[in-house]
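File shown: work-v5.cif (mmCIF, C-alpha atoms).
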data_coords
loop_
_atom_site.label_atom_id
_atom_site.label_comp_id
_atom_site.auth_asym_id
_atom_site.auth_seq_id
_atom_site.Cartn_x
_atom_site.Cartn_y
_atom_site.Cartn_z
CA MET A 16 0.00 0.00 0.00
CA THR A 17 1.48 3.32 -1.01
CA HIS A 18 0.59 6.60 0.59
CA ASP A 19 1.66 8.84 -2.30
CA VAL A 20 -1.80 10.21 -3.03
CA THR A 21 -2.45 11.10 0.59
CA LEU A 22 0.98 12.68 1.01
CA LYS A 23 0.51 14.79 -2.12
CA LYS A 24 -2.85 16.02 -0.89
CA LEU A 25 -1.33 16.89 2.50
CA ASN A 26 1.55 18.75 0.89
CA ASP A 27 -0.84 20.71 -1.34
CA ARG A 28 -3.00 21.67 1.60
CA PHE A 29 -0.49 22.27 4.40
CA GLY A 30 2.74 22.84 2.49
CA ALA A 31 5.59 20.43 1.87
CA GLY A 32 7.37 19.16 4.96
CA SER A 33 4.68 20.25 7.39
CA PHE A 34 4.61 16.85 9.02
CA GLU A 35 7.27 14.43 10.09
CA THR A 36 6.67 11.04 8.54
CA SER A 37 8.16 7.68 9.34
CA GLN A 38 7.58 4.13 8.34
CA PHE A 39 8.14 0.74 9.91
CA ARG A 40 7.26 -2.12 7.54
CA ASP A 41 3.68 -1.35 6.47
CA ASN A 42 3.06 0.96 9.40
CA PHE A 43 2.99 4.56 8.17
CA ARG A 44 3.18 7.30 10.79
CA LEU A 45 2.59 11.02 10.68
CA ALA A 46 3.70 13.27 13.53
CA CYS A 47 1.68 16.42 13.84
CA PRO A 48 2.21 19.62 15.84
CA ARG A 49 -0.47 20.09 18.44
CA GLU A 50 -1.86 23.33 16.95
CA ARG A 51 -2.62 21.63 13.66
CA ILE A 52 -4.14 18.34 14.83
CA ALA A 53 -7.76 19.45 14.45
CA ALA A 54 -7.26 20.77 10.94
CA LEU A 55 -5.21 17.73 9.92
CA LEU A 56 -7.69 15.14 11.16
CA LYS A 57 -10.62 17.00 9.59
CA PHE A 58 -8.76 17.17 6.28
CA LEU A 59 -7.86 13.46 6.47
CA LYS A 60 -11.46 12.55 7.04
CA ASP A 61 -13.17 14.89 4.63
CA ASP A 62 -10.69 14.98 1.75
CA CYS A 63 -8.46 11.90 2.03
CA GLY A 64 -11.13 9.28 2.65
CA PHE A 65 -10.16 8.15 6.16
CA ASP A 66 -13.71 7.45 7.18
CA LEU A 67 -12.98 5.06 10.05
CA LEU A 68 -11.25 5.90 13.32
CA VAL A 69 -9.88 2.55 14.44
CA ASP A 70 -8.39 3.59 17.74
CA VAL A 71 -7.27 6.44 19.93
CA THR A 72 -4.59 5.60 22.44
CA ALA A 73 -1.70 7.23 24.25
CA VAL A 74 1.85 6.59 25.40
CA ASP A 75 3.65 7.97 28.42
CA TYR A 76 7.25 8.73 27.42
CA SER A 77 8.56 9.31 30.94
CA ASN A 78 12.04 7.76 31.29
CA TYR A 79 12.00 6.97 27.59
CA PRO A 80 15.40 7.46 25.96
CA ASP A 81 15.57 10.51 23.69
CA ALA A 82 11.96 11.50 24.30
CA ARG A 83 11.26 15.22 24.12
CA ASP A 84 7.63 15.10 25.17
CA ARG A 85 5.70 13.56 28.03
CA PHE A 86 2.67 12.06 26.29
CA GLY A 87 1.97 10.98 22.74
CA VAL A 88 -1.61 10.49 21.58
CA ILE A 89 -2.06 8.23 18.58
CA TYR A 90 -4.98 8.16 16.18
CA ALA A 91 -5.25 5.03 14.02
CA LEU A 92 -7.13 5.78 10.84
CA LEU A 93 -8.44 3.53 8.09
CA SER A 94 -9.94 4.25 4.71
CA THR A 95 -12.59 1.61 4.13
CA GLU A 96 -12.53 2.59 0.43
CA THR A 97 -8.88 1.83 -0.29
CA GLY A 98 -7.78 -0.07 2.80
CA GLU A 99 -5.12 2.54 3.50
CA ARG A 100 -4.04 2.84 7.11
CA LEU A 101 -2.45 5.86 8.74
CA PHE A 102 -1.23 6.55 12.26
CA VAL A 103 -1.28 10.16 13.38
CA LYS A 104 0.72 11.01 16.47
CA VAL A 105 0.53 14.22 18.46
CA PHE A 106 2.45 15.15 21.61
CA VAL A 107 1.16 16.92 24.70
CA ASN A 108 2.99 18.07 27.81
CA ASP A 109 2.25 19.21 31.32
CA PRO A 110 0.60 21.40 32.40
CA ASP A 111 -1.70 21.75 29.40
CA LEU A 112 -2.87 18.20 28.73
CA THR A 113 -5.69 19.01 26.35
CA LEU A 114 -6.45 18.15 22.76
CA PRO A 115 -9.45 18.96 20.59
CA SER A 116 -12.00 16.16 20.63
CA VAL A 117 -12.63 14.33 17.37
CA VAL A 118 -16.10 13.15 18.34
CA PRO A 119 -17.63 15.66 15.89
CA LEU A 120 -15.70 13.89 13.13
CA TRP A 121 -15.99 10.26 14.21
CA GLN A 122 -18.72 9.32 16.70
CA GLY A 123 -16.67 6.27 17.63
CA ALA A 124 -14.09 8.49 19.30
CA ASN A 125 -16.44 9.03 22.24
CA TRP A 126 -15.47 6.02 24.33
CA LEU A 127 -11.90 5.92 22.99
CA GLU A 128 -11.21 9.43 24.24
CA ARG A 129 -12.87 8.63 27.54
CA GLU A 130 -10.50 5.70 27.95
CA VAL A 131 -7.44 7.87 27.22
CA PHE A 132 -8.74 10.37 29.76
CA ASP A 133 -9.37 7.61 32.29
CA MET A 134 -5.91 6.10 32.01
CA PHE A 135 -3.69 9.12 31.26
CA GLY A 136 -5.63 12.20 32.34
CA ILE A 137 -5.47 13.83 28.93
CA ARG A 138 -8.54 15.99 28.42
CA PHE A 139 -10.40 16.42 25.14
CA ASP A 140 -11.99 19.79 24.51
CA GLY A 141 -15.46 19.57 23.08
CA HIS A 142 -16.07 15.98 24.15
CA PRO A 143 -19.80 15.59 24.94
CA ASP A 144 -19.35 13.45 28.09
CA LEU A 145 -15.78 13.28 29.33
CA ARG A 146 -15.85 11.07 32.42
CA ARG A 147 -14.11 7.88 33.49
CA ILE A 148 -15.15 4.82 31.51
CA LEU A 149 -13.38 1.85 33.13
CA LEU A 150 -12.39 2.88 36.63
CA PRO A 151 -14.87 3.93 39.33
CA ASP A 152 -15.75 7.62 39.36
CA GLU A 153 -14.10 8.16 42.73
CA PHE A 154 -10.74 6.83 41.54
CA ALA A 155 -8.23 9.59 42.16
CA ALA A 156 -5.32 8.79 39.83
CA PHE A 157 -4.46 8.01 36.22
CA PRO A 158 -3.00 4.52 36.46
CA LEU A 159 -1.28 4.13 33.09
CA ARG A 160 1.03 7.07 33.80
CA LYS A 161 4.53 5.84 34.46
CA ASP A 162 4.78 7.72 37.76
CA TYR A 163 1.83 5.75 39.14
CA PRO A 164 2.99 2.66 41.09
CA LEU A 165 2.08 -0.70 39.59
CA ARG A 166 0.45 -1.88 42.82
CA GLY A 167 -1.47 1.35 43.21
CA ARG A 168 -1.87 3.58 46.22
CA GLY A 169 -4.06 1.32 48.32
CA GLU A 170 -7.15 1.47 46.11
CA ARG A 171 -7.49 -2.30 46.05
CA HIS A 172 -7.51 -2.52 49.85
CA ASN A 173 -9.92 0.27 50.62
CA PHE A 174 -13.07 -1.72 51.43
CA PRO A 175 -15.03 -2.73 54.53
CA VAL A 176 -14.36 -6.28 55.74
CA LEU A 177 -17.38 -8.55 56.09
CA SER A 178 -17.05 -11.24 58.71
CA ARG A 179 -19.22 -14.22 59.55
CA THR A 180 -20.84 -12.48 62.46
CA GLU A 181 -21.70 -9.32 60.53
CA SER A 182 -23.14 -10.93 57.42
CA MET B 29 -46.69 -59.58 59.28
CA ALA B 30 -46.30 -56.73 61.68
CA ALA B 31 -42.99 -54.87 61.47
CA ASP B 32 -41.11 -54.31 64.63
CA PRO B 33 -41.47 -50.58 65.27
CA LEU B 34 -37.94 -50.37 66.56
CA GLU B 35 -36.59 -51.44 63.17
CA ASN B 36 -38.15 -48.39 61.50
CA VAL B 37 -36.99 -45.76 63.94
CA PHE B 38 -33.62 -44.22 64.43
CA LEU B 39 -32.51 -41.48 66.74
CA THR B 40 -30.33 -38.53 65.71
CA ARG B 41 -29.74 -34.93 66.56
CA LEU B 42 -31.55 -32.09 64.83
CA ASN B 43 -28.24 -30.44 63.94
CA THR B 44 -27.09 -33.60 62.22
CA VAL B 45 -30.19 -34.15 60.15
CA ALA B 46 -30.44 -30.46 59.16
CA SER B 47 -26.82 -30.43 58.06
CA TRP B 48 -27.31 -33.72 56.24
CA CYS B 49 -30.18 -32.20 54.25
CA ARG B 50 -28.34 -28.97 53.53
CA LYS B 51 -25.10 -30.50 52.37
CA HIS B 52 -26.87 -32.56 49.73
CA SER B 53 -28.81 -29.66 48.26
CA LEU B 54 -26.32 -26.82 47.87
CA TRP B 55 -27.56 -24.15 45.46
CA PRO B 56 -24.50 -22.41 44.02
CA MET B 57 -24.36 -18.77 43.08
CA PRO B 58 -21.91 -18.63 40.17
CA PHE B 59 -19.83 -15.49 40.62
CA ALA B 60 -17.74 -16.27 37.55
CA THR B 61 -15.54 -13.48 36.25
CA ALA B 62 -12.78 -15.24 34.29
CA CYS B 63 -11.51 -18.54 32.93
CA CYS B 64 -12.35 -20.32 36.20
CA GLY B 65 -15.95 -19.69 35.21
CA ILE B 66 -15.46 -21.92 32.17
CA GLU B 67 -14.31 -24.76 34.41
CA LEU B 68 -17.25 -24.02 36.68
CA MET B 69 -19.58 -24.48 33.72
CA ALA B 70 -17.80 -27.71 32.81
CA THR B 71 -18.30 -28.90 36.37
CA GLY B 72 -22.01 -28.36 36.07
CA ALA B 73 -22.27 -29.90 32.61
CA SER B 74 -22.95 -33.54 31.85
CA LYS B 75 -19.40 -34.88 31.71
CA HIS B 76 -18.52 -34.01 35.30
CA ASP B 77 -22.13 -33.68 36.43
CA LEU B 78 -22.22 -31.76 39.68
CA ALA B 79 -25.76 -33.09 40.12
CA ARG B 80 -24.24 -36.29 41.51
CA PHE B 81 -23.40 -34.25 44.60
CA GLY B 82 -26.68 -32.39 44.83
CA ALA B 83 -25.21 -29.03 43.87
CA GLU B 84 -26.31 -28.58 40.28
CA VAL B 85 -29.01 -25.95 40.74
CA PHE B 86 -27.11 -22.83 39.72
CA ARG B 87 -29.23 -19.79 40.43
CA PHE B 88 -28.43 -16.28 39.27
CA SER B 89 -30.34 -14.68 42.10
CA PRO B 90 -28.48 -14.51 45.42
CA ARG B 91 -31.81 -14.77 47.24
CA GLN B 92 -32.10 -18.38 46.10
CA CYS B 93 -28.53 -19.48 46.76
CA ASP B 94 -26.59 -20.73 49.72
CA LEU B 95 -23.16 -21.36 48.17
CA MET B 96 -21.23 -18.60 46.47
CA ILE B 97 -18.51 -19.87 44.13
CA VAL B 98 -16.19 -16.99 43.31
CA ALA B 99 -14.47 -18.12 40.13
CA GLY B 100 -11.95 -15.68 38.74
CA ARG B 101 -10.24 -12.45 39.65
CA VAL B 102 -12.19 -9.73 41.39
CA VAL B 103 -11.26 -6.14 40.64
CA MET B 104 -11.74 -3.20 42.96
CA LYS B 105 -14.74 -1.99 40.97
CA MET B 106 -16.38 -5.41 41.33
CA LEU B 107 -15.74 -5.97 45.02
CA PRO B 108 -18.64 -3.82 46.30
CA VAL B 109 -20.88 -5.87 43.99
CA LEU B 110 -19.46 -9.10 45.40
CA GLN B 111 -20.07 -7.94 48.96
CA ARG B 112 -23.60 -6.85 48.17
CA ILE B 113 -24.42 -10.21 46.61
CA TRP B 114 -22.94 -11.99 49.63
CA LEU B 115 -25.09 -9.92 51.97
CA GLN B 116 -28.19 -10.66 49.89
CA MET B 117 -27.77 -14.42 50.28
CA PRO B 118 -29.86 -15.90 53.08
CA GLU B 119 -28.29 -17.84 55.95
CA PRO B 120 -26.97 -20.43 56.15
CA LYS B 121 -24.49 -19.70 53.39
CA TRP B 122 -21.00 -20.74 52.37
CA CYS B 123 -18.32 -19.46 50.06
CA ILE B 124 -15.83 -21.27 47.86
CA SER B 125 -12.89 -19.29 46.51
CA MET B 126 -12.09 -21.02 43.23
CA GLY B 127 -8.69 -20.65 41.65
CA ALA B 128 -5.52 -18.70 42.29
CA CYS B 129 -6.95 -15.27 41.44
CA ALA B 130 -9.94 -15.35 43.75
CA SER B 131 -7.78 -16.79 46.53
CA SER B 132 -4.73 -14.55 46.24
CA GLY B 133 -4.93 -12.29 43.20
CA GLY B 134 -2.86 -14.79 41.23
CA VAL B 135 -0.46 -13.24 38.78
CA PHE B 136 -2.48 -10.01 38.72
CA ASP B 137 -0.59 -8.07 41.36
CA THR B 138 -1.80 -4.69 40.10
CA TYR B 139 -3.59 -1.66 41.45
CA ALA B 140 -7.00 -2.85 40.32
CA VAL B 141 -7.10 -6.52 41.40
CA VAL B 142 -8.10 -7.54 44.90
CA GLN B 143 -5.39 -9.75 46.38
CA GLY B 144 -7.69 -12.47 47.66
CA ILE B 145 -11.40 -12.18 48.34
CA ASP B 146 -10.91 -13.52 51.86
CA ARG B 147 -9.63 -10.08 52.81
CA PHE B 148 -13.16 -8.75 52.52
CA ILE B 149 -15.64 -11.64 52.73
CA PRO B 150 -15.54 -14.94 54.64
CA VAL B 151 -14.30 -17.96 52.66
CA ASP B 152 -14.84 -21.58 53.71
CA ILE B 153 -12.99 -23.55 51.04
CA TYR B 154 -10.13 -22.57 48.76
CA VAL B 155 -9.69 -24.50 45.52
CA PRO B 156 -6.18 -24.09 44.11
CA GLY B 157 -5.40 -24.15 40.40
CA CYS B 158 -5.17 -21.84 37.43
CA PRO B 159 -7.84 -22.70 36.58
CA PRO B 160 -8.71 -25.75 38.71
CA ARG B 161 -10.01 -28.76 36.86
CA PRO B 162 -13.63 -29.72 37.53
CA GLU B 163 -12.46 -32.64 39.65
CA GLN B 164 -10.72 -30.19 41.97
CA LEU B 165 -13.84 -28.07 42.34
CA ILE B 166 -15.89 -31.18 43.03
CA GLN B 167 -13.36 -32.15 45.68
CA GLY B 168 -13.77 -28.70 47.19
CA ILE B 169 -17.54 -29.16 47.31
CA ILE B 170 -17.13 -32.61 48.91
CA ASP B 171 -14.86 -31.06 51.51
CA LEU B 172 -17.38 -28.32 52.13
CA GLN B 173 -20.08 -30.94 52.57
CA ALA B 174 -17.94 -32.63 55.19
CA ARG B 175 -17.53 -29.35 57.03
CA ILE B 176 -21.24 -28.60 56.86
CA GLN B 177 -22.01 -32.05 58.28
CA LYS B 178 -19.55 -31.62 61.08
CA HIS B 179 -20.09 -27.98 62.02
CA GLY B 180 -23.55 -27.04 60.78
CA THR B 181 -26.29 -26.23 63.25
CA PHE B 182 -30.04 -26.25 62.84
CA ASN B 183 -30.64 -22.54 63.26
CA GLY B 184 -27.20 -21.10 63.86
CA PRO B 185 -24.79 -19.47 61.45
CA SER B 186 -23.39 -21.34 58.50
CA LEU B 187 -20.34 -22.64 60.28
CA ALA B 188 -18.67 -21.84 63.53
CA SER B 189 -16.30 -18.97 62.92
CA PRO B 190 -12.79 -20.13 61.93
CA ALA B 191 -11.33 -18.43 64.99
CA ALA B 192 -13.60 -20.41 67.27
CA THR B 193 -12.85 -23.68 65.52
CA PRO B 194 -9.34 -25.01 66.07
CA LEU B 195 -7.80 -26.48 62.96
CA SER B 196 -7.48 -29.86 64.62
CA ALA B 197 -11.25 -30.02 64.95
CA LEU B 198 -11.82 -29.64 61.22
CA PRO B 199 -12.27 -32.80 59.19
CA ALA B 200 -9.17 -33.87 57.37
CA LEU B 201 -9.44 -32.56 53.84
CA ALA B 202 -9.86 -35.16 51.12
CA SER B 203 -10.88 -37.69 53.73
CA SER B 204 -13.71 -38.70 51.44
CA ASP B 205 -11.30 -39.75 48.70
CA PRO B 206 -9.97 -43.20 49.52
CA GLY B 207 -7.55 -43.07 46.59
CA ARG B 208 -5.26 -40.53 48.25
#
Please express the file's structure as structure tokens.
Amino acid sequence: MTHDVTLKKLNDRFGAGSFETSQFRDNFRLACPRERIAALLKFLKDDCGFDLLVDVTAVDYSNYPDARDRFGVIYALLSTETGERLFVKVFVNDPDLTLPSVVPLWQGANWLEREVFDMFGIRFDGHPDLRRILLPDEFAAFPLRKDYPLRGRGERHNFPVLSRTES
Amino acid sequence: MAADPLENVFLTRLNTVASWCRKHSLWPMPFATACCGIELMATGASKHDLARFGAEVFRFSPRQCDLMIVAGRVVMKMLPVLQRIWLQMPEPKWCISMGACASSGGVFDTYAVVQGIDRFIPVDIYVPGCPPRPEQLIQGIIDLQARIQKHGTFNGPSLASPAATPLSALPALASSDPGR
């Protein structure tokens, strides 16, 4: 699968060299500055045929060698017309962990963005219902951040004990 | 021919006969959250046939059950549900912790997984394995039956509390299996 057509369209619209691209086997990546992510994703959907948002996920680059940014958010896109796949990556840093929501573009982003918020604490502006999706509402941390301890901060032990005499 | 009345009468204690009835009609509540639940289903199905031990009537309402079988890992979001179901079950009631995860958290030593349900609810029998085979679960039920027979009372709690019962007073586990 070649990405020439998509790349040409992107260059025409945003100017040549606007985005860093990289490739590993058949995995084609596009790194996007944070200011442009909304315009880029809208263009990819409306004009390049990426009608399906396969996944939204994130990576915490703490302690990662040569990393310049704290979090990377990855959008996996698919064109059901041509079968072309594209991974768009955008970086966010403390203290402003917000990105524009893509729910207006792809309805399926609703729960995906909630999961990224639940696990990493990255907020999505314009999301219709941004609350935790997997963890209980009263959970106080974002457990997939690398500075969160694997065994937690006592959340799994914080329950009343029922004994034979009480129950 | 008149039967001798003494041949048709036997004397026993109420505790004994009540426990004898209860142990042969356990109604399990399947709290199955993971792969142990698959083995639990296999235990109830025809090949292993839990009905042979009087415990085949799986009910999905805690109000109708007296044996909770916790099969699989329990996460912190699920534990309040587990406790609520346990409280909804009528006395007398018993609990089997099936498999490594329910008993100790298993390999899931993470922030979300409860490290053994016995930290928060009473457990009578632990069945080891990952997951245990149906034979192991059946052995656990047989052992529970032995404990019910020995420690059950007509109108008291399910079993005497573990603290009040010295280990030496408990029936030897697997005593019902002559092959061991």
What's the 6 Å shell around range 94-98 of chain A, counting only C-alpha atoms, without same-chain residues fewer than 3 positions away, as JSON, numbers by chain?
{"A": [64, 65, 66]}
Written as a list in words, what is the full residue list that the PyMOL selection byres ((chain A) within 7 of (chain B)) yields on the file shown?
Leu150, Pro151, Leu165, Arg166, Gly167, Glu170, Arg171, Pro175, Val176, Leu177, Ser178, Arg179 and Ser182 of chain A
Taking the file as I've supplied it (selection: the PyMOL selection byres ((chain A and resi 111) around 12)), which residues are included? Please answer as number ranges by chain.
A: 49, 85-86, 106-110, 112-114, 136-140
Could you check how far CA of Leu68 in chain B sits from CA of Thr180 in chain A, in Å to one decimal?
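That distance, rounded to one decimal, is 28.5 Å.
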Can you pull out the residues contacting Ser125 in chain B? Cut-off 6 Å, using only C-alpha atoms, and skip same-chain residues under 2 positions away; I want them as JSON, numbers by chain.
{"B": [98, 130, 131, 154]}
Those same residues - C-alpha atoms - I'd like them written as a tab-separated table (two decimals), in the frame of the given file.
chain	number	residue	atom	x	y	z
B	98	VAL	CA	-16.19	-16.99	43.31
B	130	ALA	CA	-9.94	-15.35	43.75
B	131	SER	CA	-7.78	-16.79	46.53
B	154	TYR	CA	-10.13	-22.57	48.76
Go ahead and compute the interatomic distance for CA of Leu78 in chain B and CA of Leu54 in chain B, in Å to one decimal.
10.4 Å
Taking the file above as input, evaluate the PyMOL selection byres ((chain B and resi 33-48) around 7) and report the hits as an NGL selection string.
:B and (31-32 or 49-52 or 176-177 or 180-182)
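Put simply, CA of Ala79 in chain B is 21.9 Å away from CA of Pro156 in chain B.
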Using all atoms listed in the file, which protein or nucleic acid residues come within 10 Å of Gln164 in chain B? Drop anything in the same chain fewer than 6 positions from it, and give the result as a list of chain:residue names.
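Answer for this query is B:Glu67, B:Thr71, B:Met126, B:Gly127, B:Val155, B:Pro156, B:Gly157, B:Ile170.
Within 12 Å of Asp62 in chain A, once only C-alpha atoms are used and residues closer than 2 positions along the same chain are dropped, the contacting residues are A:Val20, A:Thr21, A:Leu22, A:Lys23, A:Lys24, A:Leu25, A:Asp27, A:Arg28, A:Ala54, A:Leu55, A:Leu56, A:Lys57, A:Phe58, A:Leu59, A:Lys60, A:Gly64, A:Phe65, A:Asp66, A:Ser94.
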Write out, as a tab-separated table (two decimals), in the coordinates of the input, the residues just selected, with C-alpha atoms.
chain	number	residue	atom	x	y	z
A	20	VAL	CA	-1.80	10.21	-3.03
A	21	THR	CA	-2.45	11.10	0.59
A	22	LEU	CA	0.98	12.68	1.01
A	23	LYS	CA	0.51	14.79	-2.12
A	24	LYS	CA	-2.85	16.02	-0.89
A	25	LEU	CA	-1.33	16.89	2.50
A	27	ASP	CA	-0.84	20.71	-1.34
A	28	ARG	CA	-3.00	21.67	1.60
A	54	ALA	CA	-7.26	20.77	10.94
A	55	LEU	CA	-5.21	17.73	9.92
A	56	LEU	CA	-7.69	15.14	11.16
A	57	LYS	CA	-10.62	17.00	9.59
A	58	PHE	CA	-8.76	17.17	6.28
A	59	LEU	CA	-7.86	13.46	6.47
A	60	LYS	CA	-11.46	12.55	7.04
A	64	GLY	CA	-11.13	9.28	2.65
A	65	PHE	CA	-10.16	8.15	6.16
A	66	ASP	CA	-13.71	7.45	7.18
A	94	SER	CA	-9.94	4.25	4.71
Between B:Arg80, B:Arg161, B:Arg112, B:Lys75, single out the one closest to Cys63 in chain B, counting all atoms listed in the file.
B:Arg161
Residue with smallest distance to Ala70 in chain B - pool B:Ile113, B:Lys178, B:Leu165, B:Leu172, counting only C-alpha atoms:
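Closest to Ala70 in chain B of all the choices is B:Leu165.
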Which protein, DNA or RNA residues are at most 7 Å from (0.6, 8.1, 22.3) in the file's coordinates when you count all atoms listed in the file, listed as a list of chain:residue names?
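All residues meeting the 7 Å criterion around (0.6, 8.1, 22.3) are A:Thr72, A:Ala73, A:Val74, A:Asp75, A:Phe86, A:Gly87, A:Val88, A:Ile89, A:Lys104.
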Quick one: range 102-129 of chain B with C-alpha atoms, as a JSON list (two decimals), in the first residue's frame?
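decode08.json, written as the output of this step:
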[["chain", "number", "residue", "atom", "x", "y", "z"],
["B", 102, "VAL", "CA", -12.19, -9.73, 41.39],
["B", 103, "VAL", "CA", -11.26, -6.14, 40.64],
["B", 104, "MET", "CA", -11.74, -3.20, 42.96],
["B", 105, "LYS", "CA", -14.74, -1.99, 40.97],
["B", 106, "MET", "CA", -16.38, -5.41, 41.33],
["B", 107, "LEU", "CA", -15.74, -5.97, 45.02],
["B", 108, "PRO", "CA", -18.64, -3.82, 46.30],
["B", 109, "VAL", "CA", -20.88, -5.87, 43.99],
["B", 110, "LEU", "CA", -19.46, -9.10, 45.40],
["B", 111, "GLN", "CA", -20.07, -7.94, 48.96],
["B", 112, "ARG", "CA", -23.60, -6.85, 48.17],
["B", 113, "ILE", "CA", -24.42, -10.21, 46.61],
["B", 114, "TRP", "CA", -22.94, -11.99, 49.63],
["B", 115, "LEU", "CA", -25.09, -9.92, 51.97],
["B", 116, "GLN", "CA", -28.19, -10.66, 49.89],
["B", 117, "MET", "CA", -27.77, -14.42, 50.28],
["B", 118, "PRO", "CA", -29.86, -15.90, 53.08],
["B", 119, "GLU", "CA", -28.29, -17.84, 55.95],
["B", 120, "PRO", "CA", -26.97, -20.43, 56.15],
["B", 121, "LYS", "CA", -24.49, -19.70, 53.39],
["B", 122, "TRP", "CA", -21.00, -20.74, 52.37],
["B", 123, "CYS", "CA", -18.32, -19.46, 50.06],
["B", 124, "ILE", "CA", -15.83, -21.27, 47.86],
["B", 125, "SER", "CA", -12.89, -19.29, 46.51],
["B", 126, "MET", "CA", -12.09, -21.02, 43.23],
["B", 127, "GLY", "CA", -8.69, -20.65, 41.65],
["B", 128, "ALA", "CA", -5.52, -18.70, 42.29],
["B", 129, "CYS", "CA", -6.95, -15.27, 41.44]]
